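Engineer: Hey, dropping query-v2.tsv in here, TSV, C-alpha atoms:
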chain	number	residue	atom	x	y	z
A	1	MET	CA	-5.39	-55.26	-57.15
A	2	GLY	CA	-7.72	-56.73	-59.78
A	3	ASP	CA	-11.49	-56.32	-59.73
A	4	GLY	CA	-13.39	-58.75	-57.54
A	5	LEU	CA	-10.54	-59.30	-55.06
A	6	HIS	CA	-10.56	-58.03	-51.48
A	7	ILE	CA	-8.36	-58.46	-48.46
A	8	ILE	CA	-10.47	-60.16	-45.79
A	9	GLY	CA	-8.82	-60.64	-42.40
A	10	GLY	CA	-5.44	-60.94	-44.13
A	11	ASP	CA	-6.59	-63.52	-46.71
A	12	LEU	CA	-7.12	-62.91	-50.39
A	13	GLN	CA	-10.59	-64.16	-51.33
A	14	ASP	CA	-12.75	-64.06	-54.41
A	15	CYS	CA	-15.58	-61.59	-54.15
A	16	PRO	CA	-17.83	-62.10	-57.18
A	17	ALA	CA	-19.67	-59.08	-58.48
A	18	PRO	CA	-23.29	-59.00	-57.29
A	19	ALA	CA	-25.93	-60.05	-59.79
A	20	ALA	CA	-27.71	-57.26	-61.63
A	21	THR	CA	-31.17	-56.31	-60.34
A	22	TRP	CA	-33.93	-53.97	-61.48
A	23	VAL	CA	-32.42	-51.28	-59.25
A	24	ASP	CA	-29.46	-51.07	-61.67
A	25	TYR	CA	-31.80	-49.51	-64.25
A	26	LEU	CA	-32.60	-46.56	-61.97
A	27	PRO	CA	-30.73	-43.23	-62.16
A	28	SER	CA	-27.29	-43.54	-60.57
A	29	LYS	CA	-27.96	-40.82	-57.98
A	30	ILE	CA	-30.85	-42.66	-56.34
A	31	ARG	CA	-29.66	-46.22	-56.94
A	32	PRO	CA	-27.59	-46.49	-53.71
A	33	TYR	CA	-30.61	-45.51	-51.60
A	34	PHE	CA	-32.65	-48.38	-53.02
A	35	TYR	CA	-29.83	-50.82	-52.32
A	36	LEU	CA	-29.43	-49.42	-48.80
A	37	ALA	CA	-33.15	-50.05	-48.17
A	38	ARG	CA	-32.88	-53.57	-49.72
A	39	VAL	CA	-35.96	-53.00	-51.86
A	40	HIS	CA	-34.42	-55.31	-54.46
A	41	ARG	CA	-34.72	-58.20	-51.99
A	42	PRO	CA	-38.37	-58.77	-51.01
A	43	SER	CA	-37.49	-61.61	-48.63
A	44	GLY	CA	-36.85	-59.27	-45.69
A	45	ILE	CA	-40.18	-57.53	-46.20
A	46	LEU	CA	-42.07	-60.83	-46.34
A	47	LEU	CA	-40.27	-62.29	-43.33
A	48	LEU	CA	-41.32	-59.21	-41.36
A	49	PHE	CA	-44.84	-59.24	-42.79
A	50	TYR	CA	-45.85	-62.87	-42.23
A	51	PRO	CA	-45.94	-62.80	-38.39
A	52	CYS	CA	-48.21	-59.74	-38.74
A	53	SER	CA	-50.40	-61.62	-41.21
A	54	TRP	CA	-50.71	-64.66	-38.92
A	55	SER	CA	-51.74	-62.46	-36.01
A	56	VAL	CA	-54.22	-60.31	-37.97
A	57	THR	CA	-55.90	-63.32	-39.58
A	58	MET	CA	-56.07	-65.32	-36.34
A	59	THR	CA	-57.58	-62.35	-34.48
A	60	CYS	CA	-60.14	-61.72	-37.22
A	61	TYR	CA	-61.01	-65.43	-37.05
A	62	ALA	CA	-61.48	-65.32	-33.27
A	63	HIS	CA	-63.64	-62.18	-33.40
A	64	SER	CA	-65.50	-63.09	-36.61
A	65	ALA	CA	-64.45	-59.69	-37.97
A	66	PRO	CA	-65.60	-58.71	-41.48
A	67	MET	CA	-63.34	-59.83	-44.30
A	68	THR	CA	-62.71	-56.20	-45.19
A	69	THR	CA	-61.13	-55.70	-41.76
A	70	ALA	CA	-58.63	-58.48	-42.40
A	71	TRP	CA	-57.62	-57.23	-45.85
A	72	THR	CA	-57.36	-53.63	-44.64
A	73	TYR	CA	-54.92	-54.55	-41.87
A	74	LEU	CA	-53.01	-56.98	-44.09
A	75	GLY	CA	-52.48	-54.19	-46.61
A	76	PHE	CA	-51.46	-51.82	-43.84
A	77	PHE	CA	-48.86	-54.20	-42.43
A	78	LEU	CA	-47.47	-54.99	-45.87
A	79	VAL	CA	-46.69	-51.29	-46.31
A	80	ALA	CA	-45.41	-50.99	-42.74
A	81	SER	CA	-43.17	-54.03	-43.26
A	82	GLN	CA	-41.53	-52.35	-46.25
A	83	VAL	CA	-40.91	-49.17	-44.26
A	84	PHE	CA	-39.54	-50.78	-41.11
A	85	CYS	CA	-37.54	-53.43	-42.95
A	86	ALA	CA	-35.81	-50.62	-44.83
A	87	ALA	CA	-35.28	-48.65	-41.61
A	88	GLY	CA	-33.77	-51.70	-39.92
A	89	CYS	CA	-31.42	-52.31	-42.85
A	90	ILE	CA	-30.26	-48.69	-42.78
A	91	ILE	CA	-29.59	-48.81	-39.03
A	92	ASP	CA	-27.78	-52.13	-39.41
A	93	ASP	CA	-25.57	-50.83	-42.21
A	94	MET	CA	-24.75	-47.65	-40.30
A	95	TRP	CA	-23.68	-49.64	-37.23
A	96	ASP	CA	-21.85	-52.27	-39.27
A	97	LYS	CA	-20.09	-50.11	-41.85
A	98	ASP	CA	-16.59	-51.17	-40.77
A	99	ILE	CA	-17.59	-54.84	-40.49
A	100	ASP	CA	-19.23	-54.72	-43.94
A	101	VAL	CA	-16.02	-53.34	-45.44
A	102	ALA	CA	-14.14	-56.34	-44.03
A	103	THR	CA	-16.67	-58.94	-45.22
A	104	SER	CA	-16.66	-60.05	-48.85
A	105	ARG	CA	-20.44	-60.48	-49.16
A	106	THR	CA	-21.25	-57.02	-47.81
A	107	SER	CA	-18.32	-54.93	-49.04
A	108	ASN	CA	-20.39	-53.68	-51.98
A	109	ARG	CA	-23.15	-52.19	-49.82
A	110	PRO	CA	-23.59	-48.44	-50.37
A	111	LEU	CA	-22.10	-47.25	-47.07
A	112	ALA	CA	-19.25	-49.75	-47.10
A	113	ALA	CA	-18.44	-48.92	-50.72
A	114	GLY	CA	-18.54	-45.16	-50.07
A	115	GLU	CA	-21.47	-44.55	-52.42
A	116	LEU	CA	-23.39	-42.83	-49.60
A	117	SER	CA	-22.19	-40.85	-46.60
A	118	MET	CA	-23.34	-41.43	-43.03
A	119	PHE	CA	-25.17	-38.09	-43.19
A	120	GLN	CA	-27.10	-39.15	-46.30
A	121	ALA	CA	-27.99	-42.46	-44.66
A	122	SER	CA	-29.12	-40.63	-41.50
A	123	VAL	CA	-31.46	-38.36	-43.47
A	124	PHE	CA	-32.84	-41.38	-45.34
A	125	LEU	CA	-33.38	-43.17	-42.02
A	126	ILE	CA	-35.19	-40.18	-40.50
A	127	LEU	CA	-37.56	-40.12	-43.49
A	128	HIS	CA	-38.38	-43.81	-43.02
A	129	LEU	CA	-38.86	-43.51	-39.27
A	130	THR	CA	-41.06	-40.43	-39.70
A	131	PHE	CA	-43.29	-42.27	-42.13
A	132	GLY	CA	-43.24	-45.34	-39.87
A	133	VAL	CA	-44.35	-43.37	-36.83
A	134	TRP	CA	-47.09	-41.74	-38.92
A	135	LEU	CA	-48.30	-45.23	-39.81
A	136	PHE	CA	-48.38	-46.22	-36.12
A	137	VAL	CA	-50.40	-43.10	-35.33
A	138	GLN	CA	-53.15	-44.43	-37.61
A	139	LEU	CA	-53.64	-47.34	-35.20
A	140	ASN	CA	-55.34	-47.37	-31.78
A	141	ASP	CA	-53.45	-45.99	-28.76
A	142	TYR	CA	-52.56	-49.43	-27.42
A	143	SER	CA	-51.01	-50.39	-30.77
A	144	LEU	CA	-49.23	-47.05	-31.04
A	145	VAL	CA	-47.39	-47.62	-27.76
A	146	LEU	CA	-46.67	-51.25	-28.65
A	147	GLY	CA	-45.41	-50.27	-32.08
A	148	LEU	CA	-43.16	-47.47	-30.84
A	149	SER	CA	-41.63	-49.80	-28.25
A	150	SER	CA	-40.33	-51.99	-31.07
A	151	LEU	CA	-38.04	-49.19	-32.21
A	152	VAL	CA	-35.84	-49.85	-29.16
A	153	LEU	CA	-35.23	-53.40	-30.32
A	154	ILE	CA	-34.55	-52.27	-33.88
A	155	ALA	CA	-31.92	-49.83	-32.66
A	156	LEU	CA	-30.31	-52.34	-30.28
A	157	TYR	CA	-30.01	-55.32	-32.61
A	158	PRO	CA	-26.81	-54.28	-34.44
A	159	THR	CA	-24.96	-53.87	-31.12
A	160	MET	CA	-25.98	-57.37	-30.04
A	161	LYS	CA	-23.71	-58.89	-32.68
A	162	ARG	CA	-20.81	-57.49	-30.68
A	163	VAL	CA	-22.13	-58.41	-27.22
A	164	ILE	CA	-24.00	-61.74	-27.14
A	165	SER	CA	-23.51	-65.08	-28.88
A	166	TRP	CA	-27.17	-65.32	-29.95
A	167	PRO	CA	-27.93	-62.03	-31.77
A	168	GLN	CA	-30.42	-63.92	-33.97
A	169	ALA	CA	-32.67	-64.20	-30.90
A	170	VAL	CA	-32.78	-60.40	-30.64
A	171	LEU	CA	-33.41	-60.14	-34.38
A	172	GLY	CA	-36.27	-62.58	-33.85
A	173	MET	CA	-37.73	-60.33	-31.19
A	174	CYS	CA	-37.73	-57.52	-33.78
A	175	PHE	CA	-39.06	-59.51	-36.74
A	176	SER	CA	-41.75	-61.26	-34.70
A	177	TRP	CA	-43.09	-58.11	-33.04
A	178	GLY	CA	-45.83	-58.02	-35.65
A	179	SER	CA	-47.38	-61.13	-34.10
A	180	LEU	CA	-48.22	-58.91	-31.12
A	181	LEU	CA	-48.90	-55.70	-33.02
A	182	GLY	CA	-51.22	-57.36	-35.53
A	183	THR	CA	-53.67	-58.62	-32.92
A	184	ALA	CA	-53.45	-55.35	-30.95
A	185	SER	CA	-54.38	-53.41	-34.08
A	186	VAL	CA	-57.50	-55.47	-34.72
A	187	ALA	CA	-58.65	-56.13	-31.13
A	188	GLY	CA	-57.27	-53.09	-29.30
A	189	THR	CA	-55.41	-55.37	-26.88
A	190	VAL	CA	-53.27	-58.52	-26.83
A	191	ASP	CA	-54.55	-61.85	-25.57
A	192	TRP	CA	-51.13	-62.71	-24.18
A	193	HIS	CA	-51.72	-66.38	-23.45
A	194	ILE	CA	-52.37	-66.92	-27.18
A	195	TYR	CA	-49.92	-64.54	-28.80
A	196	ILE	CA	-46.86	-65.06	-26.60
A	197	PRO	CA	-46.53	-68.63	-27.97
A	198	LEU	CA	-46.99	-67.24	-31.49
A	199	TYR	CA	-44.34	-64.60	-30.77
A	200	MET	CA	-41.92	-67.18	-29.38
A	201	GLY	CA	-42.53	-69.33	-32.45
A	202	GLY	CA	-41.64	-66.37	-34.63
A	203	ILE	CA	-38.39	-65.92	-32.71
A	204	CYS	CA	-37.52	-69.58	-33.34
A	205	TRP	CA	-38.29	-69.10	-37.04
A	206	THR	CA	-35.94	-66.12	-37.23
A	207	ILE	CA	-33.17	-68.09	-35.52
A	208	VAL	CA	-33.63	-70.80	-38.17
A	209	TYR	CA	-33.51	-68.65	-41.29
A	210	ASP	CA	-30.97	-66.09	-40.11
A	211	THR	CA	-28.59	-68.79	-38.84
A	212	CYS	CA	-28.74	-70.43	-42.27
A	213	TYR	CA	-28.14	-67.05	-43.90
A	214	ALA	CA	-25.28	-66.15	-41.53
A	215	ARG	CA	-23.53	-69.46	-42.17
A	216	GLN	CA	-22.04	-68.05	-45.39
A	217	ASP	CA	-20.16	-65.41	-43.33
A	218	ARG	CA	-19.13	-67.69	-40.46
A	219	ASP	CA	-15.39	-67.76	-41.10
A	220	GLU	CA	-15.18	-64.01	-41.65
A	221	ASP	CA	-17.40	-63.32	-38.64
A	222	ILE	CA	-14.96	-65.26	-36.46
A	223	LYS	CA	-12.04	-63.19	-37.81
A	224	ASN	CA	-13.93	-59.92	-37.36
A	225	GLY	CA	-15.22	-60.71	-33.86
A	226	VAL	CA	-18.89	-60.83	-34.89
A	227	HIS	CA	-21.10	-63.14	-32.82
A	228	SER	CA	-23.63	-65.42	-34.49
A	229	THR	CA	-25.56	-68.63	-33.86
A	230	ALA	CA	-23.92	-69.88	-37.07
A	231	VAL	CA	-20.69	-69.86	-35.05
A	232	VAL	CA	-22.24	-71.20	-31.83
A	233	PHE	CA	-23.98	-74.16	-33.50
A	234	GLY	CA	-20.79	-75.20	-35.33
A	235	ASP	CA	-20.93	-78.59	-37.03
A	236	GLN	CA	-24.25	-79.42	-35.35
A	237	ILE	CA	-26.03	-76.63	-37.18
A	238	ARG	CA	-28.37	-78.90	-39.19
A	239	PRO	CA	-29.86	-81.00	-36.33
A	240	ILE	CA	-30.11	-77.92	-34.11
A	241	LEU	CA	-32.03	-75.99	-36.76
A	242	ILE	CA	-34.34	-78.93	-37.38
A	243	MET	CA	-34.99	-79.00	-33.63
A	244	PHE	CA	-35.82	-75.27	-33.67
A	245	SER	CA	-38.16	-75.89	-36.62
A	246	CYS	CA	-40.04	-78.49	-34.59
A	247	VAL	CA	-40.28	-76.12	-31.61
A	248	LEU	CA	-41.49	-73.38	-33.96
A	249	SER	CA	-44.20	-75.67	-35.34
A	250	SER	CA	-45.27	-76.71	-31.84
A	251	LEU	CA	-45.55	-73.11	-30.60
A	252	VAL	CA	-47.54	-71.89	-33.61
A	253	SER	CA	-49.81	-74.94	-33.36
A	254	TYR	CA	-50.29	-74.33	-29.63
A	255	ALA	CA	-51.30	-70.73	-30.35
A	256	GLY	CA	-53.78	-72.10	-32.89
A	257	VAL	CA	-55.25	-74.50	-30.33
A	258	LEU	CA	-55.66	-71.69	-27.79
A	259	ASN	CA	-57.32	-69.53	-30.46
A	260	GLY	CA	-59.77	-72.29	-31.38
A	261	GLN	CA	-58.49	-72.64	-34.95
A	262	GLY	CA	-59.90	-75.32	-37.24
A	263	ILE	CA	-58.30	-78.04	-39.35
A	264	PRO	CA	-57.21	-75.78	-42.27
A	265	PHE	CA	-54.93	-73.81	-39.94
A	266	PHE	CA	-53.10	-76.91	-38.76
A	267	ILE	CA	-52.80	-78.22	-42.32
A	268	GLY	CA	-51.08	-74.94	-43.19
A	269	VAL	CA	-48.68	-75.29	-40.25
A	270	ALA	CA	-47.95	-78.91	-41.22
A	271	LEU	CA	-47.22	-77.99	-44.84
A	272	GLY	CA	-44.99	-75.12	-43.78
A	273	THR	CA	-43.10	-77.30	-41.30
A	274	TYR	CA	-42.59	-80.07	-43.84
A	275	TYR	CA	-41.23	-77.55	-46.34
A	276	LEU	CA	-38.94	-75.96	-43.75
A	277	VAL	CA	-37.48	-79.26	-42.50
A	278	GLN	CA	-36.90	-80.42	-46.09
A	279	LEU	CA	-35.20	-77.11	-46.87
A	280	ILE	CA	-32.80	-77.45	-43.93
A	281	ALA	CA	-32.14	-81.13	-44.63
A	282	ARG	CA	-31.11	-80.35	-48.21
A	283	LEU	CA	-29.28	-77.07	-47.60
A	284	ASP	CA	-25.59	-77.04	-48.53
A	285	PHE	CA	-24.04	-75.06	-45.69
A	286	GLU	CA	-20.70	-74.97	-47.50
A	287	ASN	CA	-22.23	-73.21	-50.49
A	288	LYS	CA	-22.69	-69.44	-50.14
A	289	GLU	CA	-25.32	-69.23	-52.87
A	290	SER	CA	-27.34	-71.93	-51.12
A	291	CYS	CA	-27.17	-70.08	-47.79
A	292	ASP	CA	-27.99	-66.77	-49.45
A	293	ALA	CA	-31.14	-68.17	-51.08
A	294	VAL	CA	-32.49	-69.46	-47.76
A	295	LEU	CA	-34.24	-66.17	-46.90
A	296	ILE	CA	-36.56	-66.09	-49.89
A	297	ASN	CA	-37.11	-69.85	-49.58
A	298	ASN	CA	-38.10	-69.44	-45.92
A	299	THR	CA	-40.91	-67.10	-46.84
A	300	TRP	CA	-42.85	-70.17	-47.98
A	301	PHE	CA	-43.15	-71.33	-44.38
A	302	GLY	CA	-44.71	-67.99	-43.49
A	303	PHE	CA	-47.02	-68.22	-46.49
A	304	TRP	CA	-48.32	-71.70	-45.66
A	305	VAL	CA	-49.11	-70.76	-42.06
A	306	TRP	CA	-50.93	-67.62	-43.22
A	307	ALA	CA	-52.74	-69.49	-46.01
A	308	GLY	CA	-53.98	-72.07	-43.52
A	309	ALA	CA	-55.19	-69.33	-41.18
A	310	MET	CA	-56.90	-67.48	-44.03
A	311	VAL	CA	-58.69	-70.58	-45.37
A	312	ASP	CA	-59.80	-71.35	-41.82
A	313	TYR	CA	-61.12	-67.80	-41.46
A	314	VAL	CA	-62.95	-67.86	-44.81
A	315	VAL	CA	-64.59	-71.22	-43.98
A	316	LYS	CA	-65.77	-69.91	-40.62
A	317	MET	CA	-67.19	-66.70	-42.12
A	318	GLN	CA	-69.12	-68.65	-44.77
A	319	SER	CA	-70.55	-71.25	-42.41
Represent the supplied structure as structure tokens.

Structural biologist:
Amino acid sequence: MGDGLHIIGGDLQDCPAPAATWVDYLPSKIRPYFYLARVHRPSGILLLFYPCSWSVTMTCYAHSAPMTTAWTYLGFFLVASQVFCAAGCIIDDMWDKDIDVATSRTSNRPLAAGELSMFQASVFLILHLTFGVWLFVQLNDYSLVLGLSSLVLIALYPTMKRVISWPQAVLGMCFSWGSLLGTASVAGTVDWHIYIPLYMGGICWTIVYDTCYARQDRDEDIKNGVHSTAVVFGDQIRPILIMFSCVLSSLVSYAGVLNGQGIPFFIGVALGTYYLVQLIARLDFENKESCDAVLINNTWFGFWVWAGAMVDYVVKMQS
């Protein structure tokens, strides 16, 4: 069979070769590890990082913490996001190896393509988790326990795609955990009445961007028995995602009200929400490239919320 053609659920479909990335210039022996960890796609790292950044900045604002405290924890969580995003991708690929083989978009991943063995992936995962736990140990005891508890969700998420119709909600619980861990790291505790709304908003955000992303695999997911909100939402996917975007904006804004945030914070939320709604309104759900690009585009929502929180924090510290 010619290059670029794969049997998917009994149908012959085009599977275009993936675009070249900077990872392709690395030595061939280590290249599959970088692709397994998705370091060539910064979107996952940023989507994991931004809920942490919101929480850290909002907590520093509330406690009038020195600016150095904010930047120290922001740098810490940027590194931690890289480590745990990679660990999550490795776990996901290990669980989903057979599904990835049967899906055109993912058939070139290192485990699915046979470039790495399960043993090699397991060793690579252990290295990431060891470093991740070491990072958690640098935090206070409350944050250590909270951080370690997130590993249960990370391990469970891949199985949810086989069990429940809304696995994106569980993914959201994983990716939004930083909204709780960020404030715990700075304050030594979590002011739950503020950060539960922020956490729930993060879950809604994950449902939005991962449903858009999963839409490109919808037909193959149905054939392979993989559950997804992209399947559940069907032809109403656009209005449903716009509704989730509005709920997301409301929850993040409510957390800001409870935290006593100023006008710059809400301007940031408004800009992010406008961008997100426009993105969904213009997204071509029938175009795989359009759905694939939605992850990196969604990072702008996270940026605008954080930028608003940071400007608010800087203004307060200088007043």

Engineer: Need the shell around A:Arg218: protein/DNA/RNA residues with any atom at most 8 Å away, counting all atoms listed in the file. Skip same-chain ones fewer than 2 positions apart. Format as a list in words?

Structural biologist: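 Final neighbour list, sorted by chain and number: Ala214, Arg215, Gln216, Glu220, Asp221, Ile222, Ser228, Ala230 and Val231 of chain A.
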
Engineer: Write the residues of the preceding selection, restricted to C-alpha atoms, as a tab-separated table (two decimals), in the coordinates of the input.

Structural biologist:
chain	number	residue	atom	x	y	z
A	214	ALA	CA	-25.28	-66.15	-41.53
A	215	ARG	CA	-23.53	-69.46	-42.17
A	216	GLN	CA	-22.04	-68.05	-45.39
A	220	GLU	CA	-15.18	-64.01	-41.65
A	221	ASP	CA	-17.40	-63.32	-38.64
A	222	ILE	CA	-14.96	-65.26	-36.46
A	228	SER	CA	-23.63	-65.42	-34.49
A	230	ALA	CA	-23.92	-69.88	-37.07
A	231	VAL	CA	-20.69	-69.86	-35.05

Engineer: Counting only C-alpha atoms, which of A:Thr57, A:Phe49, A:Trp134, A:Leu156 gets nearest to A:Phe175?

Structural biologist: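 Checking each of A:Thr57, A:Phe49, A:Trp134, A:Leu156 against A:Phe175, counting only C-alpha atoms, the winner is A:Phe49.
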
Engineer: Excluding same-chain residues fewer than 4 positions from A:Val39, what lies within 9 Å of it counting all atoms listed in the file, as a VMD selection string?

Structural biologist: chain A and resid 23 34 to 35 44 to 45 82 86

Engineer: What gap, in Å, lies between atom CA of A:Phe77 and atom CA of A:Tyr199?

Structural biologist: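 About the pair atom CA of A:Phe77 and atom CA of A:Tyr199: they are 16.3 Å apart.
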
Engineer: Return the single residue from A:Ile296, A:Ser53, A:Pro264, A:Leu171 that is closest to A:Tyr157, with distances computed using all atoms listed in the file.

Structural biologist: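 Nearest to A:Tyr157: A:Leu171.
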